[in-house]
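K.L.:
Quick one: the structure is below, questions incoming.
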Amino acid sequence: MTLTKLLLITTMLFTGSAAAQLKYPAAATDNVIDDYFGIKVADPYRWLENDSSDATAAWVAAQNEVSSAYLSKIPFRNALKQRLTSLYRYERMGAPFKVKGKYYFFRNNGLQNQDVLYVQDALDAEPRVFFDPNTLSDDGTVALNSISFSEDGKYFAYVISRSGSDWNEIFVAETATGRRLDDHIMWAKFTGAAWCGDGFFYSAYDAPEDGVYSSKNEFHKVMYHKIGTPQSADVLEYNDTKNALMFHNCGVSDDERFVFVYKSLGHGNAIYVKDMRAAHPSYKVLVPSLEDECQVIASDDKFIYILTAAGAPKRKIISIPVDDLRSEAQRDFIPEGDYVISSVAKTAHNFIITYEINACDHPQVFSLEGKHLYDIELPLPGSVGISASERHDEVFYRLSSYTSPGTVYSLDIASGRSTLLRAPEMAFNPDDFTTQQVVYNSKDGTPIRMFLTYKKGLKLNGDNPTLLYGYGGFNISLTPAFNARIIPFLEAGGIYAVANLRGGSEYGEEWHQAGTKLNKQNVFDDFIAAAEWLIAQKYTSPKRLACNGGSNGGLLVGAVVNQRPDLFAAAVPQVGVMDMMRYHLFTIGWNWAGDYGRSDDSPEMAEYLLKYSPLHNIKNDGTPYPAILVTTADHDDRVVPAHSFKYAATLQASNTGNNVKIIRIDSKAGHGGGKPISKIIDEYTDIYSFIMYHLGMTPKWK
């Protein structure tokens, strides 16, 4: 296949003022046909799965040339970038955490590519820089994933990723001086550094022989690294040679008595434990089943406490005696209640349990005996992040909502009184906007909640530009949280709508399962019903409605646009899972089978996946599609860019009307984690320019 054949150019008219004519680089096709239990499925753009080939590189360059030219002609794009830049220029601060008498917290002055870790000798002392990830690269594409301190506080380990990849590297430095040691771990993945003794545990794969960012990852293992030794001397702590697709992660109790290994094939996990004080330490089964999510919260001299969904769809806390480490010895400590437990933190003398009630966080304080003491009164509904430690009773939390940025409070746990610690100053007035929660019915009558955020004084005239966002999967909940990128859209009169779809964790495991495998269509029905409700209630109309989602949400957008293209004027699927027949063949895609099922599971599953797979259901009969901007990145080794490549190539080759279909392919970027602020601003300038332009908006900002 020659480069000339690959880059045959086809022309289609562009119905807009940004350009008189748009030319798509049309990809050549191959006669590739797969057989799934007798179901024949063509895959003409299979060659685009090779993201390191010259042919793919040429196609990517040609696509970016087209999309860049198109986006650059949107009249207000530069003004939007300036407004986004001013909005991102605010001081972002994390909740403090305490280590060896000192307070650490992350802060960003606004436009720093990566958050900086600061340290204080006391809360009222002058902060000083402890670790600045921005010094690790010139362009901000090296991100700090996590940091952990040794028990004696002498060392800290930091885990980084490069260019958005899921591959991790681990380094070690002296806490007092910041001097980096020679210790350097490569090919770690989905891991932190769990200190124990004179070293730490971490999770890794063998170095890939080829396809660093696309080849299938197998045989995840736990290793132990002793400080001052090369990685080649690291000791294998735990693996499974019989199951290539098992995840293994490690945790250590605060007193370093217990080492925990988590084994997972996807959604649920088992827990194994080793008592380091035993005469002959060895791993024992603590939680045997792989079917339910569970995690160790804390331990003391009497019990190990575990948050689990086993037999409790809304989750409960169990305790297991330290002198009888058998799953049969467990008892309920905090039983399942009416609402989902979303997180748990433990102080020296209390538990703080955050319940999710109608997609908002509600933290409550309990005694060590499991007695409810009081609810933490929050100044507004939103998302809460608790910072606490078993070693002391100091508690901090960070609260945010759609128009309120992360604000940090300290909690006097004895009295329940919260004190404002840090609040950022913003370049907009939050009082100009309001958020309401509405309820609508999905296709099967299931009530679904949705947040609507908009400028006060909204008129229900059916003509408000609206952006509908969703995810609906992997037990992930969408609670109200601040993001500066939506503010210009709101300022210009837009409505930002977030639907809490089935597949998430808003109402527990039953809600999650209702949006998985052979129930996945429920998620799409929930999203479609949200769009129909917004139109019926005169918030907006199809010509003024856009949809957006990322990753599993990109799949959502792709599937819904195929099923109901008439509902939307614009759609932006970001880093989406678009090929449901082959997703499990790349990197850790196999891990998603708990939510999706696999095309090689059964004829029924293959047929079901094929029925909604975004790539395979693009119409080719002249049905008008909305304007579509696909986004991905060259270092996305979570959802490999081939998903978006093949989807975009198919869109451009199909007869779906005259609205534009383009793809934006970022460089030195991945699935989204650790992306530098400069790239975030560039990306969302393009995304929101595209959305606002195709919703007929002509915004102006002060």
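By order in the structure tokens, chains are A, B, ...; within a chain, residues start at 1; ligands start at 1, following the order shown.
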Leaving out A:Ile39 and any residue of its chain fewer than 4 positions from it, which residues lie within 9 Å of it when counting only C-alpha atoms, given as a ChimeraX atom specification?
P.N.:
/A:34-35,603,606-607
K.L.:
Please identify which residues in stretch 53-280 of chain A DSSP calls strand (DSSP E) from the backbone, and express them as an MDAnalysis selection string.
P.N.:
chainID A and resid 92:93 97:99 102:108 116:120 128:131 142:149 155:162 167:174 180:189 194:196 199:204 221:226 235:238 247:252 258:264 269:275
K.L.:
Using only C-alpha atoms, determine which residues lie at most 12 Å from A:Gly251, disregarding the query and same-chain residues fewer than 4 positions distant; provide the list as number ranges by chain.
P.N.:
A: 148, 191-196, 200-203, 222, 224, 255-263, 271-274, 295-299
K.L.:
I need the residues from that last selection saved to file as a PDB file, in the first residue's frame (with N, CA and C atoms), if you can.
P.N.:
ATOM      1  N   SER A 148       4.846   9.348  47.900  1.00  0.00           N
ATOM      2  CA  SER A 148       4.695   8.667  49.186  1.00  0.00           C
ATOM      3  C   SER A 148       6.003   8.755  49.962  1.00  0.00           C
ATOM      4  N   THR A 191       0.133   2.086  39.447  1.00  0.00           N
ATOM      5  CA  THR A 191       0.807   1.805  40.705  1.00  0.00           C
ATOM      6  C   THR A 191       1.188   3.079  41.439  1.00  0.00           C
ATOM      7  N   GLY A 192       1.404   2.914  42.729  1.00  0.00           N
ATOM      8  CA  GLY A 192       2.091   3.899  43.535  1.00  0.00           C
ATOM      9  C   GLY A 192       3.323   3.225  44.088  1.00  0.00           C
ATOM     10  N   ALA A 193       3.928   3.832  45.095  1.00  0.00           N
ATOM     11  CA  ALA A 193       5.049   3.209  45.806  1.00  0.00           C
ATOM     12  C   ALA A 193       4.602   2.997  47.249  1.00  0.00           C
ATOM     13  N   ALA A 194       4.456   1.737  47.649  1.00  0.00           N
ATOM     14  CA  ALA A 194       3.973   1.392  48.994  1.00  0.00           C
ATOM     15  C   ALA A 194       5.161   1.025  49.865  1.00  0.00           C
ATOM     16  N   TRP A 195       5.566   1.931  50.731  1.00  0.00           N
ATOM     17  CA  TRP A 195       6.771   1.748  51.529  1.00  0.00           C
ATOM     18  C   TRP A 195       6.594   0.644  52.571  1.00  0.00           C
ATOM     19  N   CYS A 196       7.668  -0.118  52.750  1.00  0.00           N
ATOM     20  CA  CYS A 196       7.701  -1.150  53.783  1.00  0.00           C
ATOM     21  C   CYS A 196       9.165  -1.476  54.069  1.00  0.00           C
ATOM     22  N   PHE A 200      10.183  -0.324  48.907  1.00  0.00           N
ATOM     23  CA  PHE A 200       8.751  -0.170  48.620  1.00  0.00           C
ATOM     24  C   PHE A 200       8.302  -1.210  47.597  1.00  0.00           C
ATOM     25  N   PHE A 201       6.995  -1.478  47.623  1.00  0.00           N
ATOM     26  CA  PHE A 201       6.358  -2.339  46.638  1.00  0.00           C
ATOM     27  C   PHE A 201       5.821  -1.485  45.493  1.00  0.00           C
ATOM     28  N   TYR A 202       5.784  -2.060  44.302  1.00  0.00           N
ATOM     29  CA  TYR A 202       5.182  -1.394  43.154  1.00  0.00           C
ATOM     30  C   TYR A 202       4.686  -2.456  42.184  1.00  0.00           C
ATOM     31  N   SER A 203       3.823  -2.063  41.257  1.00  0.00           N
ATOM     32  CA  SER A 203       3.275  -2.982  40.263  1.00  0.00           C
ATOM     33  C   SER A 203       3.840  -2.652  38.893  1.00  0.00           C
ATOM     34  N   VAL A 222       3.593  -7.704  41.308  1.00  0.00           N
ATOM     35  CA  VAL A 222       4.062  -6.825  42.383  1.00  0.00           C
ATOM     36  C   VAL A 222       5.534  -7.126  42.634  1.00  0.00           C
ATOM     37  N   TYR A 224       9.291  -5.782  44.736  1.00  0.00           N
ATOM     38  CA  TYR A 224       9.815  -5.051  45.897  1.00  0.00           C
ATOM     39  C   TYR A 224      11.187  -4.487  45.547  1.00  0.00           C
ATOM     40  N   ASP A 255       1.160   0.922  60.122  1.00  0.00           N
ATOM     41  CA  ASP A 255       2.205   0.444  61.039  1.00  0.00           C
ATOM     42  C   ASP A 255       3.133  -0.584  60.386  1.00  0.00           C
ATOM     43  N   GLU A 256       2.927  -0.811  59.070  1.00  0.00           N
ATOM     44  CA  GLU A 256       3.734  -1.743  58.276  1.00  0.00           C
ATOM     45  C   GLU A 256       3.635  -3.187  58.767  1.00  0.00           C
ATOM     46  N   ARG A 257       2.595  -3.469  59.532  1.00  0.00           N
ATOM     47  CA  ARG A 257       2.413  -4.849  59.966  1.00  0.00           C
ATOM     48  C   ARG A 257       1.853  -5.713  58.832  1.00  0.00           C
ATOM     49  N   PHE A 258       0.904  -5.148  58.070  1.00  0.00           N
ATOM     50  CA  PHE A 258       0.223  -5.941  57.050  1.00  0.00           C
ATOM     51  C   PHE A 258       0.567  -5.450  55.645  1.00  0.00           C
ATOM     52  N   VAL A 259       0.781  -6.406  54.758  1.00  0.00           N
ATOM     53  CA  VAL A 259       0.916  -6.126  53.337  1.00  0.00           C
ATOM     54  C   VAL A 259      -0.307  -6.712  52.650  1.00  0.00           C
ATOM     55  N   PHE A 260      -0.981  -5.895  51.850  1.00  0.00           N
ATOM     56  CA  PHE A 260      -2.194  -6.327  51.166  1.00  0.00           C
ATOM     57  C   PHE A 260      -1.939  -6.388  49.663  1.00  0.00           C
ATOM     58  N   VAL A 261      -2.369  -7.440  49.030  1.00  0.00           N
ATOM     59  CA  VAL A 261      -2.312  -7.553  47.575  1.00  0.00           C
ATOM     60  C   VAL A 261      -3.740  -7.645  47.052  1.00  0.00           C
ATOM     61  N   TYR A 262      -4.043  -6.757  46.126  1.00  0.00           N
ATOM     62  CA  TYR A 262      -5.360  -6.746  45.488  1.00  0.00           C
ATOM     63  C   TYR A 262      -5.248  -7.457  44.143  1.00  0.00           C
ATOM     64  N   LYS A 263      -6.130  -8.437  43.928  1.00  0.00           N
ATOM     65  CA  LYS A 263      -6.172  -9.176  42.666  1.00  0.00           C
ATOM     66  C   LYS A 263      -7.486  -8.838  41.968  1.00  0.00           C
ATOM     67  N   ILE A 271      -8.723  -9.771  48.000  1.00  0.00           N
ATOM     68  CA  ILE A 271      -7.630  -9.200  48.796  1.00  0.00           C
ATOM     69  C   ILE A 271      -6.890 -10.328  49.497  1.00  0.00           C
ATOM     70  N   TYR A 272      -5.575 -10.327  49.375  1.00  0.00           N
ATOM     71  CA  TYR A 272      -4.715 -11.257  50.095  1.00  0.00           C
ATOM     72  C   TYR A 272      -3.900 -10.455  51.107  1.00  0.00           C
ATOM     73  N   VAL A 273      -3.573 -11.062  52.247  1.00  0.00           N
ATOM     74  CA  VAL A 273      -2.880 -10.336  53.302  1.00  0.00           C
ATOM     75  C   VAL A 273      -1.695 -11.147  53.817  1.00  0.00           C
ATOM     76  N   LYS A 274      -0.624 -10.455  54.170  1.00  0.00           N
ATOM     77  CA  LYS A 274       0.542 -11.074  54.800  1.00  0.00           C
ATOM     78  C   LYS A 274       0.862 -10.309  56.072  1.00  0.00           C
ATOM     79  N   GLN A 295     -11.955  -2.659  49.375  1.00  0.00           N
ATOM     80  CA  GLN A 295     -10.657  -2.060  49.649  1.00  0.00           C
ATOM     81  C   GLN A 295     -10.452  -1.929  51.150  1.00  0.00           C
ATOM     82  N   VAL A 296      -9.206  -2.100  51.577  1.00  0.00           N
ATOM     83  CA  VAL A 296      -8.862  -1.905  52.979  1.00  0.00           C
ATOM     84  C   VAL A 296      -8.880  -0.409  53.273  1.00  0.00           C
ATOM     85  N   ILE A 297      -9.613  -0.041  54.312  1.00  0.00           N
ATOM     86  CA  ILE A 297      -9.684   1.363  54.731  1.00  0.00           C
ATOM     87  C   ILE A 297      -8.580   1.685  55.720  1.00  0.00           C
ATOM     88  N   ALA A 298      -8.443   0.818  56.710  1.00  0.00           N
ATOM     89  CA  ALA A 298      -7.503   1.082  57.804  1.00  0.00           C
ATOM     90  C   ALA A 298      -7.355  -0.189  58.626  1.00  0.00           C
ATOM     91  N   SER A 299      -6.443  -0.135  59.578  1.00  0.00           N
ATOM     92  CA  SER A 299      -6.290  -1.234  60.539  1.00  0.00           C
ATOM     93  C   SER A 299      -5.794  -0.652  61.855  1.00  0.00           C
TER      94      SER A 299
END
K.L.:
For A:Ser214, please output as a list in words all residues within 9 Å (counting only C-alpha atoms; exclusion window: fewer than 5 positions along the same chain).
P.N.:
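These residues fall inside the cut-off: Glu49, Asn50, Asp51, Leu585, Phe586, Thr587, Asp636, Asp637, Arg638, Val639, Val640 and Pro641 of chain A.
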K.L.:
Please produce a file of those selected residues containing N, CA, C and O atoms, as a PDB file, in the first residue's frame.
P.N.:
ATOM      1  N   GLU A  49      -4.617   0.796  12.830  1.00  0.00           N
ATOM      2  CA  GLU A  49      -4.277   0.317  14.170  1.00  0.00           C
ATOM      3  C   GLU A  49      -2.771   0.350  14.411  1.00  0.00           C
ATOM      4  O   GLU A  49      -2.323   0.329  15.561  1.00  0.00           O
ATOM      5  N   ASN A  50      -1.998   0.394  13.344  1.00  0.00           N
ATOM      6  CA  ASN A  50      -0.541   0.478  13.468  1.00  0.00           C
ATOM      7  C   ASN A  50      -0.160   1.943  13.626  1.00  0.00           C
ATOM      8  O   ASN A  50       0.092   2.646  12.646  1.00  0.00           O
ATOM      9  N   ASP A  51      -0.109   2.401  14.871  1.00  0.00           N
ATOM     10  CA  ASP A  51       0.107   3.834  15.109  1.00  0.00           C
ATOM     11  C   ASP A  51       1.557   4.265  14.938  1.00  0.00           C
ATOM     12  O   ASP A  51       1.872   5.449  15.086  1.00  0.00           O
ATOM     13  N   LEU A 585      -8.252  -6.123  22.572  1.00  0.00           N
ATOM     14  CA  LEU A 585      -6.986  -6.606  22.027  1.00  0.00           C
ATOM     15  C   LEU A 585      -5.826  -5.646  22.258  1.00  0.00           C
ATOM     16  O   LEU A 585      -4.687  -5.975  21.921  1.00  0.00           O
ATOM     17  N   PHE A 586      -6.098  -4.470  22.827  1.00  0.00           N
ATOM     18  CA  PHE A 586      -5.064  -3.448  22.960  1.00  0.00           C
ATOM     19  C   PHE A 586      -4.837  -3.083  24.425  1.00  0.00           C
ATOM     20  O   PHE A 586      -5.775  -2.955  25.201  1.00  0.00           O
ATOM     21  N   THR A 587      -3.589  -2.884  24.781  1.00  0.00           N
ATOM     22  CA  THR A 587      -3.121  -2.492  26.125  1.00  0.00           C
ATOM     23  C   THR A 587      -3.954  -3.198  27.197  1.00  0.00           C
ATOM     24  O   THR A 587      -3.925  -4.405  27.309  1.00  0.00           O
ATOM     25  N   ASP A 636      -2.080   7.969  23.807  1.00  0.00           N
ATOM     26  CA  ASP A 636      -3.170   7.378  24.588  1.00  0.00           C
ATOM     27  C   ASP A 636      -3.024   5.865  24.551  1.00  0.00           C
ATOM     28  O   ASP A 636      -3.390   5.218  23.573  1.00  0.00           O
ATOM     29  N   ASP A 637      -2.482   5.306  25.632  1.00  0.00           N
ATOM     30  CA  ASP A 637      -2.358   3.850  25.705  1.00  0.00           C
ATOM     31  C   ASP A 637      -3.393   3.262  26.656  1.00  0.00           C
ATOM     32  O   ASP A 637      -3.251   2.140  27.119  1.00  0.00           O
ATOM     33  N   ARG A 638      -4.435   4.018  26.936  1.00  0.00           N
ATOM     34  CA  ARG A 638      -5.612   3.500  27.640  1.00  0.00           C
ATOM     35  C   ARG A 638      -6.645   3.090  26.579  1.00  0.00           C
ATOM     36  O   ARG A 638      -6.946   1.921  26.400  1.00  0.00           O
ATOM     37  N   VAL A 639      -7.201   4.096  25.890  1.00  0.00           N
ATOM     38  CA  VAL A 639      -8.037   3.834  24.710  1.00  0.00           C
ATOM     39  C   VAL A 639      -7.199   4.231  23.504  1.00  0.00           C
ATOM     40  O   VAL A 639      -7.082   5.413  23.184  1.00  0.00           O
ATOM     41  N   VAL A 640      -6.601   3.246  22.855  1.00  0.00           N
ATOM     42  CA  VAL A 640      -5.633   3.535  21.794  1.00  0.00           C
ATOM     43  C   VAL A 640      -6.278   4.379  20.704  1.00  0.00           C
ATOM     44  O   VAL A 640      -7.469   4.245  20.413  1.00  0.00           O
ATOM     45  N   PRO A 641      -5.508   5.284  20.078  1.00  0.00           N
ATOM     46  CA  PRO A 641      -6.083   6.204  19.086  1.00  0.00           C
ATOM     47  C   PRO A 641      -6.684   5.522  17.871  1.00  0.00           C
ATOM     48  O   PRO A 641      -7.460   6.140  17.143  1.00  0.00           O
TER      49      PRO A 641
END
K.L.:
Quick one: which stretch 470-537 of chain A residues come within 12 Å of stretch 304-311 of chain A, and what is the nearest atom pair for each with the distance in Å to one decimal, counting only C-alpha atoms, rows ordered by chain and ascending number, as a tab-separated table?
P.N.:
residue	atom	partner	partner_atom	distance
A:Asn475	CA	A:Ala309	CA	11.6
A:Ser505	CA	A:Ala309	CA	11.4
A:Gly508	CA	A:Ala309	CA	8.6
A:Glu509	CA	A:Ala309	CA	7.5
A:Glu510	CA	A:Ala309	CA	10.5
A:His512	CA	A:Ala309	CA	11.8
K.L.:
Measure the distance from atom CA of A:Ser654 to atom CA of A:Asp621 in Å and round it to one decimal.
P.N.:
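Atom-to-atom, atom CA of A:Ser654 to atom CA of A:Asp621, that is 8.0 Å.
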K.L.:
Got a sec: who's within 8 Å of stretch 532-545 of chain A, counting only C-alpha atoms, leaving out chain neighbours fewer than 6 positions off, as a list in words?
P.N.:
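Skipping anything fewer than 6 positions along the chain leaves Tyr440, Lys459, Leu460, Asn461, Gly462, Asp463, Asn464, Pro465, Thr466, Leu467, Leu468, Asp566, Leu567, Phe568, Ala569, Ala570, Leu695 and Gly696 of chain A.
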